[in-house]
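To be precise, the following lines are run.cif, and they hold mmCIF, C-alpha atoms.
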data_target
#
loop_
_atom_site.label_atom_id
_atom_site.label_comp_id
_atom_site.auth_asym_id
_atom_site.auth_seq_id
_atom_site.Cartn_x
_atom_site.Cartn_y
_atom_site.Cartn_z
CA MET A 2 14.01 134.77 -51.34
CA ALA A 3 12.95 135.58 -47.80
CA VAL A 4 14.74 134.49 -44.66
CA LYS A 5 14.99 131.40 -42.51
CA ILE A 6 15.05 131.08 -38.75
CA ASP A 7 17.37 128.75 -36.86
CA SER A 8 14.86 127.39 -34.36
CA GLU A 9 17.59 126.32 -31.93
CA ALA A 10 19.10 129.79 -31.73
CA CYS A 11 15.74 131.61 -31.77
CA GLY A 12 14.32 132.67 -28.42
CA HIS A 13 10.77 131.98 -29.68
CA ILE A 14 9.53 135.32 -28.36
CA GLU A 15 9.27 134.13 -24.76
CA ASN A 16 13.03 133.76 -24.37
CA CYS A 17 14.00 136.47 -26.84
CA PRO A 18 15.78 139.34 -25.00
CA VAL A 19 13.48 141.77 -26.81
CA GLN A 20 10.37 139.55 -27.00
CA GLY A 21 10.34 139.21 -30.75
CA LEU A 22 12.37 142.14 -32.09
CA CYS A 23 12.22 140.66 -35.61
CA VAL A 24 8.42 140.79 -35.56
CA LYS A 25 8.50 144.38 -34.30
CA ILE A 26 11.13 145.61 -36.73
CA CYS A 27 9.64 144.03 -39.87
CA GLU A 28 7.30 146.61 -41.35
CA GLN A 29 6.29 144.34 -44.22
CA GLY A 30 4.44 141.91 -41.95
CA ALA A 31 6.69 139.12 -43.20
CA LEU A 32 7.46 137.98 -39.68
CA ILE A 33 4.44 137.48 -37.48
CA GLU A 34 3.75 136.15 -34.04
CA GLU A 35 1.64 133.02 -34.13
CA ASN A 36 0.92 130.83 -31.10
CA GLY A 37 3.81 132.41 -29.20
CA ASP A 38 6.32 131.76 -31.95
CA VAL A 39 7.64 133.56 -35.03
CA THR A 40 6.25 132.62 -38.42
CA ILE A 41 7.65 133.71 -41.77
CA VAL A 42 5.33 134.92 -44.52
CA PRO A 43 7.78 134.62 -47.45
CA GLU A 44 5.63 136.40 -50.02
CA LYS A 45 5.66 139.55 -47.91
CA CYS A 46 9.44 139.59 -47.35
CA ASP A 47 11.26 142.33 -49.22
CA ASP A 48 14.76 141.10 -48.34
CA CYS A 49 15.60 144.25 -46.46
CA ASP A 50 17.56 142.11 -43.96
CA LEU A 51 16.70 144.32 -40.99
CA CYS A 52 15.64 141.20 -39.05
CA ILE A 53 18.91 139.43 -39.88
CA GLN A 54 20.94 142.39 -38.75
CA ASN A 55 19.04 143.03 -35.55
CA CYS A 56 18.21 139.56 -34.19
CA PRO A 57 19.88 139.48 -30.76
CA ASN A 58 20.35 135.71 -31.08
CA GLN A 59 21.65 135.85 -34.66
CA ALA A 60 19.06 133.23 -35.47
CA ILE A 61 17.92 134.67 -38.81
CA SER A 62 19.72 134.25 -42.12
CA LYS A 63 19.04 134.36 -45.85
CA ALA A 64 16.89 131.44 -46.99
CA MET B 16 24.13 157.48 -19.34
CA PHE B 17 27.09 156.16 -17.39
CA ASN B 18 29.84 157.41 -15.11
CA ILE B 19 32.86 155.25 -14.46
CA GLU B 20 35.89 156.28 -12.46
CA ARG B 21 39.40 155.30 -11.51
CA GLU B 22 41.27 156.42 -8.42
CA GLY B 23 45.05 156.56 -8.58
CA GLY B 24 47.64 159.29 -8.78
CA GLU B 25 44.81 161.14 -10.52
CA HIS B 26 41.07 160.83 -10.21
CA ARG B 27 39.74 160.04 -13.68
CA VAL B 28 36.04 159.92 -14.54
CA LEU B 29 34.55 158.99 -17.90
CA SER B 30 30.97 160.12 -18.27
CA TYR B 31 28.54 159.47 -21.09
CA LYS B 32 25.38 161.43 -21.83
CA ASP B 33 23.02 159.42 -24.00
CA GLN B 34 20.94 162.52 -24.77
CA ASN B 35 23.91 164.01 -26.67
CA CYS B 36 24.88 160.76 -28.40
CA VAL B 37 23.90 160.30 -32.05
CA GLY B 38 25.00 156.67 -32.27
CA CYS B 39 27.78 157.30 -34.77
CA GLY B 40 30.06 154.74 -33.16
CA ILE B 41 33.19 156.86 -33.53
CA CYS B 42 34.02 156.27 -29.86
CA SER B 43 33.95 152.51 -30.25
CA GLU B 44 36.01 152.78 -33.45
CA VAL B 45 38.81 154.70 -31.74
CA CYS B 46 38.81 152.95 -28.34
CA PRO B 47 42.24 151.32 -28.02
CA THR B 48 40.99 148.74 -25.51
CA ASP B 49 37.77 147.87 -27.33
CA SER B 50 35.81 148.87 -24.23
CA LEU B 51 32.96 150.77 -25.89
CA ARG B 52 30.12 149.06 -27.68
CA LEU B 53 27.60 150.64 -30.01
CA GLY B 54 24.16 149.17 -29.32
CA PRO B 55 21.41 148.26 -31.79
CA THR B 56 20.88 151.75 -33.20
CA VAL B 57 17.91 150.99 -35.47
CA PRO B 58 15.66 149.36 -32.84
CA ILE B 59 16.65 152.11 -30.39
CA ALA B 60 15.84 154.85 -32.92
CA ARG B 61 12.47 153.22 -33.58
CA GLY B 62 11.69 153.01 -29.88
CA LEU B 63 11.57 149.20 -29.92
CA ILE B 64 14.31 148.88 -27.32
CA GLU B 65 15.04 151.30 -24.52
CA MET B 66 18.73 151.41 -23.81
CA ASP B 67 21.71 153.72 -24.21
CA LEU B 68 23.28 153.83 -27.66
CA VAL B 69 26.73 153.22 -26.21
CA SER B 70 27.80 150.98 -23.35
CA VAL B 71 31.17 150.63 -21.65
CA ASN B 72 33.16 147.81 -20.15
CA ALA B 73 34.41 149.52 -16.99
CA LYS B 74 36.89 146.73 -16.32
CA SER B 75 38.83 147.16 -19.55
CA CYS B 76 38.52 150.94 -19.98
CA ALA B 77 41.96 152.57 -19.69
CA PHE B 78 40.52 156.03 -19.00
CA CYS B 79 42.78 157.41 -21.72
CA GLY B 80 40.17 159.91 -22.97
CA LEU B 81 40.54 159.22 -26.68
CA CYS B 82 36.79 158.59 -26.99
CA SER B 83 36.08 161.85 -25.21
CA SER B 84 38.35 163.78 -27.56
CA ALA B 85 37.09 162.06 -30.70
CA CYS B 86 33.37 162.38 -29.95
CA PRO B 87 32.20 165.31 -32.10
CA PHE B 88 28.93 165.57 -30.15
CA ASN B 89 29.87 166.09 -26.49
CA ALA B 90 28.44 162.75 -25.47
CA LEU B 91 31.61 161.54 -23.77
CA ASP B 92 33.76 163.48 -21.35
CA LEU B 93 36.85 162.41 -19.46
CA THR B 94 37.76 164.48 -16.45
CA ILE B 95 41.09 164.35 -14.67
CA ASP B 96 40.88 165.62 -11.10
CA ASN B 97 37.51 167.18 -11.99
CA VAL B 98 38.82 169.06 -15.05
CA SER B 99 37.50 168.03 -18.45
CA ILE B 100 40.32 167.11 -20.84
CA LYS B 101 38.54 169.36 -23.35
CA GLU B 102 39.74 172.24 -21.17
CA LEU B 103 43.34 171.01 -20.92
CA ASP B 104 45.94 172.49 -23.28
CA ILE B 105 47.65 169.22 -24.21
CA TYR B 106 44.48 167.42 -25.37
CA PRO B 107 42.91 167.64 -28.83
CA LYS B 108 40.24 170.21 -29.56
CA TRP B 109 37.48 170.40 -32.12
CA ASP B 110 37.81 173.59 -34.15
CA VAL B 111 34.12 173.94 -34.80
CA GLU B 112 31.45 176.48 -34.04
CA SER B 113 27.71 176.72 -34.12
CA THR B 114 26.82 180.35 -33.67
CA VAL B 115 24.23 182.94 -34.57
CA ASN B 116 25.35 186.45 -35.47
CA ASP B 117 22.99 188.70 -33.51
CA ASP B 118 23.64 191.65 -35.81
CA ASP B 119 22.31 189.78 -38.85
CA CYS B 120 19.51 187.73 -37.25
CA ILE B 121 16.02 189.14 -37.87
CA TYR B 122 14.32 186.61 -35.56
CA CYS B 123 12.25 184.87 -38.19
CA GLY B 124 12.60 181.57 -36.33
CA ARG B 125 13.00 179.39 -39.41
CA CYS B 126 16.18 177.88 -37.95
CA ARG B 127 14.28 176.57 -34.96
CA GLU B 128 11.65 174.98 -37.18
CA VAL B 129 14.19 172.94 -39.16
CA CYS B 130 16.60 171.98 -36.34
CA PRO B 131 16.35 168.18 -36.04
CA GLN B 132 17.76 168.25 -32.50
CA ASP B 133 15.71 171.09 -31.01
CA SER B 134 19.03 172.76 -30.27
CA ILE B 135 17.92 176.29 -31.01
CA ILE B 136 16.56 178.52 -28.31
CA PHE B 137 14.50 181.24 -29.90
CA LYS B 138 12.23 183.97 -28.67
CA ARG B 139 11.09 187.27 -30.10
CA GLU B 140 9.00 190.26 -29.25
CA LEU B 141 6.82 191.46 -32.10
CA PRO B 142 5.51 195.04 -31.97
CA ASP B 143 1.92 195.59 -30.89
CA ARG B 144 -0.37 195.31 -33.89
CA SER B 145 -2.06 198.54 -32.91
CA ALA B 146 1.22 200.39 -33.41
CA LEU B 147 1.15 199.54 -37.13
CA VAL B 148 -2.37 200.76 -37.95
CA ARG B 149 -4.48 203.88 -37.52
CA GLY B 150 -8.25 204.09 -37.44
CA GLU B 151 -11.43 204.32 -35.46
CA ILE B 152 -14.20 201.88 -34.71
CA ASP B 153 -17.39 202.35 -32.77
CA ILE B 154 -20.41 200.09 -32.31
CA ASP B 155 -23.80 201.53 -31.54
CA ASP B 156 -25.32 199.44 -28.71
CA GLU B 157 -28.75 200.80 -29.49
CA LYS B 158 -28.69 199.48 -33.04
CA CYS B 159 -26.80 196.19 -32.41
CA ILE B 160 -28.96 193.07 -32.43
CA TYR B 161 -26.11 190.76 -31.23
CA CYS B 162 -26.26 188.55 -34.30
CA SER B 163 -22.48 187.97 -34.09
CA PHE B 164 -22.00 188.23 -37.87
CA CYS B 165 -19.17 190.69 -37.23
CA ALA B 166 -17.48 188.59 -34.54
CA ASP B 167 -17.61 185.42 -36.62
CA LEU B 168 -16.16 187.14 -39.67
CA CYS B 169 -13.58 189.36 -37.97
CA PRO B 170 -10.23 188.08 -39.33
CA ALA B 171 -8.40 189.47 -36.30
CA GLU B 172 -10.82 187.90 -33.81
CA ALA B 173 -11.10 191.33 -32.24
CA ILE B 174 -14.85 191.36 -31.58
CA THR B 175 -16.54 189.67 -28.63
CA VAL B 176 -20.30 189.39 -28.49
CA LYS B 177 -22.13 188.29 -25.37
CA CYS B 178 -25.78 187.41 -25.59
CA ILE B 179 -26.98 185.67 -22.43
CA PRO B 180 -30.64 186.47 -21.81
CA THR B 181 -32.29 185.69 -18.49
CA ALA B 182 -35.89 184.62 -17.95
CA SER B 183 -36.90 188.07 -16.80
CA ASN B 184 -34.77 190.23 -19.06
CA GLU B 185 -33.68 189.15 -22.49
CA THR B 186 -31.16 191.94 -23.02
CA VAL B 187 -29.65 192.47 -19.56
CA ASN B 188 -26.37 190.68 -20.20
CA ASN B 189 -25.87 191.58 -23.84
CA ALA B 190 -22.60 193.19 -24.74
CA ILE B 191 -20.39 193.76 -27.75
CA GLU B 192 -16.74 194.78 -27.50
CA VAL B 193 -13.88 195.48 -29.85
CA ASP B 194 -10.35 194.70 -28.70
CA LEU B 195 -8.40 197.65 -30.07
CA SER B 196 -5.10 195.82 -29.67
CA LYS B 197 -6.29 193.36 -32.33
CA CYS B 198 -8.50 195.44 -34.68
CA VAL B 199 -6.84 196.46 -37.94
CA PHE B 200 -9.78 198.55 -39.19
CA CYS B 201 -10.39 196.34 -42.20
CA GLY B 202 -14.11 197.11 -42.23
CA VAL B 203 -15.45 193.58 -42.70
CA CYS B 204 -17.62 194.00 -39.58
CA LYS B 205 -19.13 197.22 -40.86
CA ARG B 206 -19.96 195.71 -44.23
CA VAL B 207 -21.59 192.55 -42.84
CA CYS B 208 -23.61 194.29 -40.12
CA PRO B 209 -27.32 193.97 -41.04
CA GLU B 210 -28.26 196.89 -38.78
CA ASN B 211 -25.63 199.40 -39.87
CA ALA B 212 -24.53 199.57 -36.22
CA ILE B 213 -20.81 199.80 -36.82
CA ARG B 214 -18.91 202.93 -37.66
CA GLU B 215 -15.37 202.20 -38.81
CA ILE B 216 -12.77 204.42 -40.43
CA CYS B 217 -9.36 203.23 -41.55
CA SER B 218 -6.74 205.95 -41.77
CA THR B 219 -3.65 203.74 -41.97
CA CYS B 220 -2.94 204.69 -45.59
CA MET B 221 -3.36 208.33 -44.84
CA TYR B 222 -0.84 208.23 -41.98
CA VAL B 223 1.44 205.59 -43.47
CA ASP B 224 4.43 207.92 -43.62
CA ASP B 225 3.99 208.84 -39.96
CA ILE B 226 3.72 205.29 -38.68
CA GLU B 227 7.02 204.32 -37.20
CA VAL B 228 7.40 200.56 -37.33
CA PRO B 229 8.93 199.33 -34.07
CA GLU B 230 11.86 196.94 -34.34
CA VAL B 231 11.39 193.22 -33.80
CA THR B 232 13.63 192.20 -30.95
CA GLY B 233 14.58 188.75 -29.78
CA GLU B 234 17.18 186.15 -29.13
CA THR B 235 18.38 183.17 -31.18
CA PHE B 236 20.87 180.87 -29.57
CA ILE B 237 22.32 177.49 -30.54
CA VAL B 238 22.92 175.07 -27.68
CA GLU B 239 26.35 173.85 -28.79
CA ASN B 240 26.25 170.80 -26.55
CA THR B 241 23.37 169.25 -28.43
CA CYS B 242 23.95 170.75 -31.88
CA VAL B 243 25.04 168.04 -34.35
CA ALA B 244 26.29 170.52 -36.96
CA CYS B 245 23.89 169.38 -39.67
CA SER B 246 23.70 172.94 -41.09
CA TRP B 247 19.94 172.91 -41.62
CA CYS B 248 19.73 176.24 -39.76
CA SER B 249 22.51 177.95 -41.66
CA GLU B 250 21.24 176.65 -45.02
CA ILE B 251 17.69 177.82 -44.35
CA CYS B 252 18.57 181.17 -42.73
CA PRO B 253 17.43 183.91 -45.14
CA LYS B 254 19.96 186.35 -43.67
CA ASP B 255 23.05 184.12 -43.59
CA ALA B 256 23.28 184.86 -39.88
CA ILE B 257 24.36 181.40 -38.78
CA THR B 258 27.80 179.83 -38.89
CA ILE B 259 28.08 176.07 -38.56
CA THR B 260 31.37 174.27 -38.94
CA LYS B 261 30.93 170.60 -39.64
CA PRO B 262 33.27 168.19 -37.84
CA PHE B 263 34.19 166.40 -41.06
CA GLU B 264 34.48 167.03 -44.75
CA GLY B 265 33.95 164.32 -47.32
CA THR B 266 31.20 162.37 -49.00
CA LEU B 267 28.66 159.67 -48.32
CA GLU B 268 27.61 157.35 -51.10
CA LEU B 269 25.48 154.31 -51.78
CA ASN B 270 27.66 151.52 -53.09
CA GLU B 271 25.06 149.20 -54.56
CA VAL B 272 26.18 145.90 -56.07
CA GLU B 273 23.34 144.63 -58.25
CA GLU B 274 24.70 141.11 -58.81
CA ASP B 275 25.04 140.48 -55.07
CA GLU B 276 21.58 141.97 -54.50
CA LYS B 277 23.20 144.58 -52.31
CA ILE B 278 20.71 147.25 -53.21
CA CYS B 279 18.92 149.88 -51.17
CA LYS B 280 15.45 148.67 -50.15
CA GLY B 281 14.11 152.18 -49.67
CA GLU B 282 10.74 152.38 -47.91
CA SER B 283 10.91 148.74 -46.78
CA CYS B 284 13.93 149.46 -44.63
CA HIS B 285 14.63 153.19 -44.07
CA ALA B 286 17.08 152.29 -41.27
CA CYS B 287 19.47 155.05 -42.38
CA GLN B 288 16.70 157.62 -42.24
CA ASP B 289 15.69 156.51 -38.75
CA VAL B 290 19.17 156.77 -37.24
CA CYS B 291 20.29 159.94 -39.05
CA PRO B 292 20.61 162.69 -36.41
CA CYS B 293 20.62 165.32 -39.16
CA ASN B 294 17.37 164.57 -40.94
CA ALA B 295 19.54 164.41 -44.06
CA VAL B 296 18.14 161.19 -45.51
CA GLU B 297 14.97 160.94 -47.52
CA ILE B 298 13.60 157.98 -49.47
CA VAL B 299 13.20 159.21 -53.04
CA ASP B 300 11.95 156.87 -55.79
CA GLY B 301 12.53 153.85 -53.58
CA LYS B 302 16.11 154.69 -52.65
CA ALA B 303 17.73 156.42 -49.73
CA SER B 304 18.93 159.81 -50.85
CA THR B 305 21.31 161.72 -48.58
CA ASN B 306 21.61 165.47 -48.92
CA LEU B 307 25.25 166.20 -48.13
CA ASP B 308 24.40 169.82 -47.34
CA PHE B 309 22.71 168.56 -44.19
CA CYS B 310 24.85 165.46 -43.49
CA ASN B 311 27.56 165.81 -40.84
CA LEU B 312 29.34 162.63 -42.01
CA CYS B 313 28.99 161.13 -38.54
CA GLY B 314 28.48 157.73 -40.12
CA ALA B 315 25.62 156.60 -37.87
CA CYS B 316 23.80 155.29 -40.93
CA VAL B 317 26.72 153.11 -42.05
CA PRO B 318 26.39 150.27 -39.50
CA ALA B 319 22.61 150.75 -39.44
CA CYS B 320 22.27 149.72 -43.10
CA PRO B 321 21.49 145.98 -43.27
CA GLN B 322 22.77 145.89 -46.85
CA HIS B 323 26.12 147.41 -45.84
CA ILE B 324 26.09 149.66 -48.87
CA ARG B 325 26.56 153.06 -47.24
CA VAL B 326 30.11 154.35 -47.52
CA VAL B 327 31.28 157.47 -45.73
CA SER B 328 34.58 158.88 -46.95
CA ARG B 329 36.02 161.62 -44.80
CA THR B 330 38.72 163.82 -46.26
CA ASP B 331 39.18 166.23 -43.36
CA MET B 332 38.51 166.26 -39.66
CA LYS B 333 38.33 169.48 -37.65
CA LEU B 334 40.09 168.01 -34.62
CA GLY B 335 43.30 169.87 -33.91
CA ASN B 336 46.04 169.85 -31.31
CA VAL B 337 46.56 166.09 -31.50
CA ASN B 338 49.92 165.77 -29.78
CA SER B 339 50.24 162.02 -29.39
CA ARG B 340 51.47 160.03 -32.38
CA SER B 341 49.48 156.94 -31.41
CA TRP B 342 46.31 158.99 -31.00
CA SER B 343 46.98 160.66 -34.30
CA GLU B 344 47.25 157.28 -36.06
CA ILE B 345 44.01 156.05 -34.54
CA LEU B 346 42.15 159.28 -35.32
CA ASP B 347 43.44 159.24 -38.88
CA SER B 348 41.74 155.86 -39.29
CA LEU B 349 38.41 157.73 -39.13
CA MET B 350 39.34 159.35 -42.41
CA GLU B 351 39.44 156.09 -44.32
CA GLY B 352 36.27 154.96 -46.00
CA LYS B 353 34.09 152.70 -43.94
#

Spell out the structure here as structure tokens.
Amino acid sequence: MAVKIDSEACGHIENCPVQGLCVKICEQGALIEENGDVTIVPEKCDDCDLCIQNCPNQAISKA
Amino acid sequence: MFNIEREGGEHRVLSYKDQNCVGCGICSEVCPTDSLRLGPTVPIARGLIEMDLVSVNAKSCAFCGLCSSACPFNALDLTIDNVSIKELDIYPKWDVESTVNDDDCIYCGRCREVCPQDSIIFKRELPDRSALVRGEIDIDDEKCIYCSFCADLCPAEAITVKCIPTASNETVNNAIEVDLSKCVFCGVCKRVCPENAIREICSTCMYVDDIEVPEVTGETFIVENTCVACSWCSEICPKDAITITKPFEGTLELNEVEEDEKICKGESCHACQDVCPCNAVEIVDGKASTNLDFCNLCGACVPACPQHIRVVSRTDMKLGNVNSRSWSEILDSLMEGK
């Protein structure tokens, strides 16, 4: 089911208060940094929702 | 860490020590002015963000001290004219203890090994090994060829062999020594020696009734300020020498709802395990399993769980001497399930 990112709310790593906390907290490798932005790898997502819960911009939600 | 203060008829200071905080959020739950905020506990526990677990809004804080009284872990302290309210008769007090009974402790040190907070200070003096054995050992320098078989095999590492020839004299610096404070007269050296250079006699068995075993002395002490009352030490103590009173009684359960996909993600998430100050959570067969023997029901794992399926239900709270009705109502709210 994975997650989706609201690109308007997302800080796109550069403007994220934690420089990509979602990428750091996801241990499945389902959120990766690519060209300075966050990319979702849906097949790796385990729906643990840690990224949703911890995004400082509340930019991530269930897909 | 923060220190905020208010000058008035009294001088009130609220101080917060992050090193004692477990991130349970009880302070923010009881704050009547909503001035305390629990930070992102999971990223902090994983070292992804460096910040205090709790922050305060100094402008809205009423300096009432409810957080200081409710904190079971000595992370918050309100002082009035430099006296902690924990010392004042009219304020609530936790009726808990974390103590080691010196008479029962044998100084095995297992408590220190399992303490998840490094809150146990432990030291001991073992008797000299030589006091527990009897025997004789002698190495004949004339026969020794400095092969080091004995030194390499000595289980007590009691034998030192030096073999440093010089260009003019190949034996000048050779030496072999036995450290009698380490040797237990086991005889391995004698048996492996190719030159029959070692004479060793063990008489420990012969004198066993005469050998007086000196007492192991030491000190085991729980630092109550940083102890989180998980009970690992008292559960593991083979002599039942430790008394730990937990701040709460009750249960903690996983309330999974399959149809809403509110299920524990186990190894993928392990947020509860990361924030647990008690080392009470383990992922077993893909699910978080909490051992209530070691859980202090602080509830730090509850907001940490992204599935919101952890429910702590407290049935008793060891905070006594609550004299204010409004405080009592707020504190009682901690006893409801959350």

Name every residue that the PyMOL selection byres ((chain A) within 12 of (chain B)) selects in this structure, writing the answer as a ChimeraX atom specification with chains first and numbers rising. /A:2,18-31,45-57,62-63

Shell of 10 Å around B:Val231, all atoms listed in the file, local chain residues under 5 positions omitted, as a PyMOL selection string: chain B and resi 121-123+139-142

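Excluding B:Val176 itself and same-chain residues fewer than 2 positions from it, the residues having an atom within 10 Å of it are Tyr161, Cys162, Ser163, Phe164, Cys165, Ala166, Asp167, Ile174, Cys178, Ile179, Asn189, Ala190, Ile191, Glu192 and Val193 of chain B, counting all atoms listed in the file.
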
Write out as a ChimeraX atom specification which residues come within 9 Å of stretch 5-8 of chain A when counting only C-alpha atoms, dropping same-chain ones fewer than 5 positions away. /A:13,39-41,59-64

Find the residues near B:Thr260: any atom within 12 Å, counting all atoms listed in the file, skip ones fewer than 5 places away on the same chain, and give them as an MDAnalysis selection string. chainID B and resid 87 109:114 239 242:249 308:311 332:334

Counting all atoms listed in the file, the residue of B:Ser339, B:Ser50, B:Ser75, B:Ser145 that sits nearest B:Thr219: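 That would be B:Ser145, the residue with the smallest distance to B:Thr219.
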
Just say which residues the PyMOL selection byres ((chain B and resi 251) around 10) picks in this file, as a PDB file with C-alpha atoms, in the coordinates of the input.
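Produced file out-v5.pdb, reproduced below:
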ATOM      1  CA  ARG B 125      13.000 179.390 -39.410  1.00  0.00           C
ATOM      2  CA  CYS B 126      16.180 177.880 -37.950  1.00  0.00           C
ATOM      3  CA  GLU B 128      11.650 174.980 -37.180  1.00  0.00           C
ATOM      4  CA  VAL B 129      14.190 172.940 -39.160  1.00  0.00           C
ATOM      5  CA  CYS B 130      16.600 171.980 -36.340  1.00  0.00           C
ATOM      6  CA  SER B 246      23.700 172.940 -41.090  1.00  0.00           C
ATOM      7  CA  TRP B 247      19.940 172.910 -41.620  1.00  0.00           C
ATOM      8  CA  CYS B 248      19.730 176.240 -39.760  1.00  0.00           C
ATOM      9  CA  SER B 249      22.510 177.950 -41.660  1.00  0.00           C
ATOM     10  CA  GLU B 250      21.240 176.650 -45.020  1.00  0.00           C
ATOM     11  CA  CYS B 252      18.570 181.170 -42.730  1.00  0.00           C
ATOM     12  CA  PRO B 253      17.430 183.910 -45.140  1.00  0.00           C
ATOM     13  CA  LYS B 254      19.960 186.350 -43.670  1.00  0.00           C
ATOM     14  CA  ASP B 255      23.050 184.120 -43.590  1.00  0.00           C
ATOM     15  CA  ILE B 257      24.360 181.400 -38.780  1.00  0.00           C
TER      16      ILE B 257
END

Selected residue, from B:Cys291, B:Ile154, B:Ile135, B:Cys204, that lies nearest to B:Thr235 when counting all atoms listed in the file: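 Distance minimum relative to B:Thr235 lands on B:Ile135.
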
Would you kindly identify which residues have an atom no farther than 8 Å from (-4.1, 197.8, -31.2), using all atoms listed in the file and the file's own coordinates, and write them out as number ranges by chain? B: 143-146, 148, 194-199

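Proximity ranking of B:Asp133, B:Asp96, B:Glu215, B:Glu210 relative to B:Asp153 places B:Glu215 first, based on only C-alpha atoms.
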
Can you tell me, as JSON, numbers by chain, which residues sit within 9 Å of (-20.5, 203.1, -40.4) in the file's frame, using only C-alpha atoms? {"B": [152, 153, 154, 202, 205, 206, 211, 212, 213, 214, 215, 216]}

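The spacing separating atom CA of A:Asp38 from atom CA of B:Ala60 amounts to 25.0 Å.
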
Which residues are close to B:Cys76, i.e. within 7 Å by only C-alpha atoms, leaving aside same-chain residues fewer than 3 positions away? Reply as a count of residues only. 4

Residues returned when the PyMOL selection byres ((chain B and resi 295) around 6) runs on this file, as a ChimeraX atom specification: /B:293-294,296,305-306,309-310

If you measure from atom CA of B:Glu344 to atom CA of B:Gly23, what distance in Å do you get, rounded to one decimal? 27.6 Å

From the coordinates supplied, stretch 215-226 of chain B should be written with N, CA and C atoms, as an mmCIF file, in the first residue's frame.
data_model
loop_
_atom_site.group_PDB
_atom_site.id
_atom_site.type_symbol
_atom_site.label_atom_id
_atom_site.label_comp_id
_atom_site.auth_asym_id
_atom_site.auth_seq_id
_atom_site.Cartn_x
_atom_site.Cartn_y
_atom_site.Cartn_z
ATOM 1 N N GLU B 215 56.770 -29.470 40.145
ATOM 2 C CA GLU B 215 55.537 -28.842 40.633
ATOM 3 C C GLU B 215 54.808 -29.838 41.510
ATOM 4 N N ILE B 216 54.384 -29.365 42.674
ATOM 5 C CA ILE B 216 53.612 -30.234 43.574
ATOM 6 C C ILE B 216 52.365 -29.476 44.005
ATOM 7 N N CYS B 217 51.221 -30.085 43.826
ATOM 8 C CA CYS B 217 49.982 -29.460 44.295
ATOM 9 C C CYS B 217 49.563 -30.133 45.596
ATOM 10 N N SER B 218 49.405 -29.316 46.637
ATOM 11 C CA SER B 218 48.974 -29.896 47.919
ATOM 12 C C SER B 218 47.656 -29.275 48.395
ATOM 13 N N THR B 219 46.925 -28.678 47.453
ATOM 14 C CA THR B 219 45.662 -28.029 47.815
ATOM 15 C C THR B 219 44.685 -29.027 48.434
ATOM 16 N N CYS B 220 44.569 -30.224 47.794
ATOM 17 C CA CYS B 220 43.615 -31.204 48.309
ATOM 18 C C CYS B 220 44.002 -31.689 49.701
ATOM 19 N N MET B 221 45.299 -31.793 49.886
ATOM 20 C CA MET B 221 45.780 -32.288 51.164
ATOM 21 C C MET B 221 45.458 -31.306 52.300
ATOM 22 N N TYR B 222 45.549 -29.998 51.971
ATOM 23 C CA TYR B 222 45.330 -28.984 53.006
ATOM 24 C C TYR B 222 43.939 -28.348 52.946
ATOM 25 N N VAL B 223 43.046 -28.964 52.151
ATOM 26 C CA VAL B 223 41.782 -28.288 51.861
ATOM 27 C C VAL B 223 41.020 -27.875 53.124
ATOM 28 N N ASP B 224 41.107 -28.696 54.157
ATOM 29 C CA ASP B 224 40.379 -28.364 55.392
ATOM 30 C C ASP B 224 41.016 -27.196 56.136
ATOM 31 N N ASP B 225 42.285 -26.956 55.868
ATOM 32 C CA ASP B 225 42.985 -25.871 56.564
ATOM 33 C C ASP B 225 42.886 -24.532 55.833
ATOM 34 N N ILE B 226 42.489 -24.623 54.549
ATOM 35 C CA ILE B 226 42.451 -23.374 53.773
ATOM 36 C C ILE B 226 41.205 -22.580 54.148
#
